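Worksheet for the structure shown next.
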Amino acid sequence: MIIKDNLNKIKSKLPQHVTLVAVSKTKPVTDLMEAYNAGQRIFGENKIQEMVEKYETMPDDIEWHMIGHVQRNKVKYMAPFVRLIHGVDNLKLLKEINKQAKNNNRIIDCLFQIKIAEEDSKFGMSKKDASEIIQSIIFSELKNIRITGVMGMATFTDNVSKVKEEFEFLKSTFDSIKDVQKENFDLQIISMGMSGDYELAIACGSTMIRVGSSIFGDRNYK
């Protein structure tokens with residue numbers, strides 16, 4: 001019952017406008033079902049194959065979020081069911097998602113992943129890249145995707161002021177592009193904050209947090 005207790009503890013402290021994504025990567029279906037039975041319906045995975053396997057064995061009313069780096073050649077496997085793709089960091093990937101969404105008669109919601117940390121290991125586009133994509137003719141022609149927000153991953157550090165600065169940068173990026181009027185562009189979501197920093201992220205404007213270890217315990221990468 002630890003997972004249920006962890007979930008209830010986190011949810012009791014969340015403002016109403018903040019959505020909790022339970023990050024279930026590397027965790028067995030039994031753990032996910034414990035969270036599901038406690039009322040959790042949104043799960044985030046970072047490997048498409050693992051997400052597909054869990055999707056096939058778990059209840060139909062789950063919202064699956066792809067939160068990891070996305071390889072274009074694997075988009076087709078999740079296109080029939082994925083609810084939100086957090087890590088869209090270039091136009092080529094967006095075009096592939098649009099193509100696979102069209103093949104499945106769907107419109108797939110996506111977030112622009114903005115690079116807010118200086119670490120080389122973090123993916124993402126600049127604010128300028130995002131603006132250029134939005135203004136492009138190619139983007140206007142993508143009828144089977146919808147950009148519904150932005151996502152960012154802060155630097156892995158104990159320096160709270162640095163993390164705060166990065167979260168504030170993501171919020172300002174959101175604010176600077178949110179009023180663009182396009183059919184496939186409707187910014188609502190700021191996805192930032194994980195187990196160690198989600199309270200700070202919410203204070204900086206996050207509307208969606210991605211929490212794993214605080215719900216499921218430490219991950220086993222063996």
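By convention here, the chains of the structure tokens are called A, B, ... in the order presented, each chain's residues are numbered starting at 1, and ligands are numbered starting at 1 in the order presented.
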What parts of segment 40-149 of chain A does DSSP call strand (DSSP E)? I'd like the answer as a PDB file with C-alpha atoms, in the first residue's frame.
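The resulting result_34.pdb:
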ATOM      1  CA  ILE A  42      -2.037   9.314 -16.180  1.00  0.00           C
ATOM      2  CA  PHE A  43       1.233   7.430 -16.579  1.00  0.00           C
ATOM      3  CA  GLY A  44       4.487   8.611 -18.174  1.00  0.00           C
ATOM      4  CA  GLU A  45       7.001   6.319 -19.867  1.00  0.00           C
ATOM      5  CA  GLU A  63      -3.764   8.275 -20.482  1.00  0.00           C
ATOM      6  CA  TRP A  64      -0.274   7.368 -21.682  1.00  0.00           C
ATOM      7  CA  HIS A  65       2.284  10.155 -21.889  1.00  0.00           C
ATOM      8  CA  MET A  66       5.599   9.743 -23.689  1.00  0.00           C
ATOM      9  CA  LEU A  84       0.536  13.402 -25.028  1.00  0.00           C
ATOM     10  CA  ILE A  85       4.123  13.482 -26.314  1.00  0.00           C
ATOM     11  CA  HIS A  86       6.228  15.709 -24.056  1.00  0.00           C
ATOM     12  CA  GLY A  87       9.582  15.638 -25.836  1.00  0.00           C
ATOM     13  CA  VAL A  88       9.064  17.236 -29.259  1.00  0.00           C
ATOM     14  CA  ILE A 108      -1.977  13.773 -31.253  1.00  0.00           C
ATOM     15  CA  ASP A 109      -1.252  16.421 -28.633  1.00  0.00           C
ATOM     16  CA  CYS A 110       2.407  17.401 -28.224  1.00  0.00           C
ATOM     17  CA  LEU A 111       4.544  19.665 -26.084  1.00  0.00           C
ATOM     18  CA  PHE A 112       7.529  21.615 -27.358  1.00  0.00           C
ATOM     19  CA  GLN A 113      10.539  20.558 -25.307  1.00  0.00           C
ATOM     20  CA  ILE A 145      -0.910  17.285 -34.330  1.00  0.00           C
ATOM     21  CA  ARG A 146      -1.726  19.949 -31.801  1.00  0.00           C
ATOM     22  CA  ILE A 147       0.850  21.774 -29.712  1.00  0.00           C
ATOM     23  CA  THR A 148      -0.763  22.121 -26.297  1.00  0.00           C
ATOM     24  CA  GLY A 149       2.155  23.396 -24.235  1.00  0.00           C
TER      25      GLY A 149
END
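Distances from A:Ala101, A:Phe167, A:Arg83, A:Asn90 to Ala117 of chain A were compared using only C-alpha atoms, and the smallest one belongs to A:Phe167.
Of note, atom CA of Glu118 of chain A and atom CA of Gly193 of chain A are spaced 16.5 Å apart.
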Item to check | Contact residues around segment 22-33 of chain A with only C-alpha atoms at 8 Å, ignoring same-chain residues under 3 positions, as an MDAnalysis selection string | outcome: chainID A and resid 3 36:37 40 42:47 50 54 58 210:213 215:216 219:221
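Atom CA of Phe139 of chain A is positioned 20.7 Å from atom CA of Ile190 of chain A.
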Item to check | For Ile97 of chain A: contacts at 10 Å, only C-alpha atoms, fewer than 2 positions along chain excluded, given as a PyMOL selection string | outcome: chain A and resi 72+74-76+78-79+85+88+91-95+99-103+107-110+142+144-145
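For Ala38 of chain A, the set of protein, DNA and RNA residues having any atom at most 7 Å away, when counting only C-alpha atoms and skipping those fewer than 3 positions along the same chain, is A:Lys4, A:Glu34, A:Ala35.
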Next, write the just-selected residues to a file, as a tab-separated table (two decimals), in the first residue's frame, keeping N, CA, C and O atoms as the atom set.
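Done, and the output landed in selection22.tsv:
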chain	number	residue	atom	x	y	z
A	4	LYS	N	0.07	3.67	-2.91
A	4	LYS	CA	-1.19	4.39	-2.69
A	4	LYS	C	-0.99	5.54	-1.70
A	4	LYS	O	-1.46	6.66	-1.93
A	34	GLU	N	-1.23	-0.81	-8.77
A	34	GLU	CA	-1.48	-0.30	-7.41
A	34	GLU	C	-1.81	1.20	-7.47
A	34	GLU	O	-2.73	1.67	-6.79
A	35	ALA	N	-1.07	1.92	-8.31
A	35	ALA	CA	-1.34	3.35	-8.49
A	35	ALA	C	-2.71	3.55	-9.17
A	35	ALA	O	-3.48	4.44	-8.79
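One finds atom CA of Leu20 of chain A at 13.5 Å from atom CA of Asp197 of chain A.
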Item to check | Who sits within 12 Å of segment 198-201 of chain A, only C-alpha atoms, same chain under 4 positions skipped, as a PyMOL selection string | outcome: chain A and resi 10-11+13-15+18-21+151-154+160-171+190-194+205-212+214
Output of the above residues as a compact mmCIF listing (two decimals), in the first residue's frame, restricted to N, CA and C atoms:
# COMPACT_ATOMS: atom_id res chain seq x y z
N ILE A 10 0.99 13.12 -2.13
CA ILE A 10 1.33 14.12 -3.16
C ILE A 10 0.08 14.85 -3.63
N LYS A 11 -0.96 14.08 -3.94
CA LYS A 11 -2.19 14.69 -4.48
C LYS A 11 -2.84 15.64 -3.49
N LYS A 13 -1.49 17.68 -1.64
CA LYS A 13 -0.78 18.97 -1.60
C LYS A 13 -0.84 19.72 -2.94
N LEU A 14 -1.39 19.07 -3.98
CA LEU A 14 -1.36 19.69 -5.30
C LEU A 14 -2.50 20.69 -5.49
N PRO A 15 -2.19 21.87 -6.04
CA PRO A 15 -3.27 22.79 -6.41
C PRO A 15 -4.15 22.13 -7.48
N VAL A 18 -3.06 21.70 -11.26
CA VAL A 18 -1.83 20.96 -11.59
C VAL A 18 -2.14 19.48 -11.81
N THR A 19 -1.70 18.96 -12.96
CA THR A 19 -1.91 17.55 -13.32
C THR A 19 -0.70 16.73 -12.92
N LEU A 20 -0.95 15.57 -12.32
CA LEU A 20 0.13 14.67 -11.91
C LEU A 20 0.31 13.55 -12.92
N VAL A 21 1.50 13.46 -13.50
CA VAL A 21 1.88 12.33 -14.36
C VAL A 21 2.73 11.39 -13.50
N MET A 151 7.46 21.90 -22.40
CA MET A 151 8.05 21.04 -21.37
C MET A 151 9.51 21.40 -21.22
N GLY A 152 10.02 21.26 -20.01
CA GLY A 152 11.44 21.51 -19.79
C GLY A 152 11.98 20.69 -18.64
N MET A 153 13.28 20.37 -18.72
CA MET A 153 13.95 19.62 -17.66
C MET A 153 15.06 20.47 -17.08
N ALA A 154 14.95 20.74 -15.81
CA ALA A 154 15.94 21.60 -15.15
C ALA A 154 17.25 20.86 -14.92
N VAL A 160 19.23 25.64 -5.83
CA VAL A 160 17.81 25.95 -6.00
C VAL A 160 17.60 27.20 -6.86
N SER A 161 18.44 28.20 -6.68
CA SER A 161 18.24 29.44 -7.45
C SER A 161 18.45 29.21 -8.95
N LYS A 162 19.35 28.29 -9.30
CA LYS A 162 19.57 27.96 -10.71
C LYS A 162 18.34 27.27 -11.30
N VAL A 163 17.82 26.30 -10.55
CA VAL A 163 16.63 25.56 -11.00
C VAL A 163 15.45 26.53 -11.15
N LYS A 164 15.30 27.42 -10.17
CA LYS A 164 14.22 28.42 -10.21
C LYS A 164 14.33 29.29 -11.46
N GLU A 165 15.54 29.71 -11.75
CA GLU A 165 15.81 30.53 -12.94
C GLU A 165 15.39 29.79 -14.22
N GLU A 166 15.70 28.50 -14.27
CA GLU A 166 15.37 27.69 -15.45
C GLU A 166 13.86 27.49 -15.59
N PHE A 167 13.19 27.26 -14.46
CA PHE A 167 11.73 27.14 -14.49
C PHE A 167 11.08 28.46 -14.93
N GLU A 168 11.61 29.56 -14.43
CA GLU A 168 11.05 30.87 -14.80
C GLU A 168 11.27 31.16 -16.28
N PHE A 169 12.39 30.67 -16.81
CA PHE A 169 12.65 30.84 -18.24
C PHE A 169 11.61 30.07 -19.07
N LEU A 170 11.27 28.86 -18.62
CA LEU A 170 10.25 28.08 -19.36
C LEU A 170 8.90 28.78 -19.30
N LYS A 171 8.55 29.30 -18.14
CA LYS A 171 7.28 30.04 -18.00
C LYS A 171 7.27 31.26 -18.91
N ILE A 190 2.22 23.75 -18.97
CA ILE A 190 3.64 23.94 -18.70
C ILE A 190 4.07 22.72 -17.89
N SER A 191 4.77 21.80 -18.55
CA SER A 191 5.18 20.55 -17.91
C SER A 191 6.60 20.71 -17.38
N MET A 192 6.69 20.90 -16.08
CA MET A 192 8.02 21.01 -15.45
C MET A 192 7.89 20.64 -13.98
N GLY A 193 8.97 20.06 -13.47
CA GLY A 193 8.99 19.64 -12.08
C GLY A 193 8.90 18.13 -11.95
N MET A 194 9.84 17.57 -11.17
CA MET A 194 9.88 16.13 -10.95
C MET A 194 9.92 15.89 -9.43
N GLY A 205 4.98 28.30 -11.84
CA GLY A 205 3.95 28.30 -12.88
C GLY A 205 3.65 26.96 -13.55
N SER A 206 4.25 25.88 -13.08
CA SER A 206 3.99 24.57 -13.69
C SER A 206 2.51 24.19 -13.57
N THR A 207 1.98 23.56 -14.62
CA THR A 207 0.61 23.04 -14.56
C THR A 207 0.60 21.51 -14.70
N MET A 208 1.78 20.92 -14.89
CA MET A 208 1.88 19.46 -15.01
C MET A 208 3.22 19.02 -14.45
N ILE A 209 3.18 18.08 -13.49
CA ILE A 209 4.44 17.59 -12.90
C ILE A 209 4.62 16.11 -13.23
N ARG A 210 5.87 15.69 -13.33
CA ARG A 210 6.21 14.32 -13.70
C ARG A 210 6.93 13.68 -12.52
N VAL A 211 6.21 12.86 -11.76
CA VAL A 211 6.76 12.34 -10.50
C VAL A 211 6.88 10.82 -10.55
N GLY A 212 8.08 10.32 -10.31
CA GLY A 212 8.32 8.89 -10.34
C GLY A 212 8.71 8.32 -9.00
N SER A 214 9.10 9.48 -6.03
CA SER A 214 8.31 9.83 -4.85
C SER A 214 7.00 9.04 -4.76
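Each of A:Asn98, A:Asp60, A:Gln16, A:Asp129 was compared to Ile202 of chain A using only C-alpha atoms, and A:Gln16 turns out to be the nearest.
Checking A:Met125, A:Ala203, A:Met1, A:Ile67 one by one against Met51 of chain A, counting only C-alpha atoms, you find the shortest gap at A:Ile67.
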Checklist entry - If you run DSSP on this backbone, which residues of segment 97-222 of chain A come out as helix (DSSP H, G or I), and could you give them as an NGL selection string? => result :A and (97-103 or 127-135 or 137-140 or 160-177 or 198-203 or 213-216)
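The nearest approach to Phe174 of chain A among the residues A:Asn8, A:Ser136, A:Asn73, A:Ser131, with only C-alpha atoms taken into account, belongs to A:Ser131.
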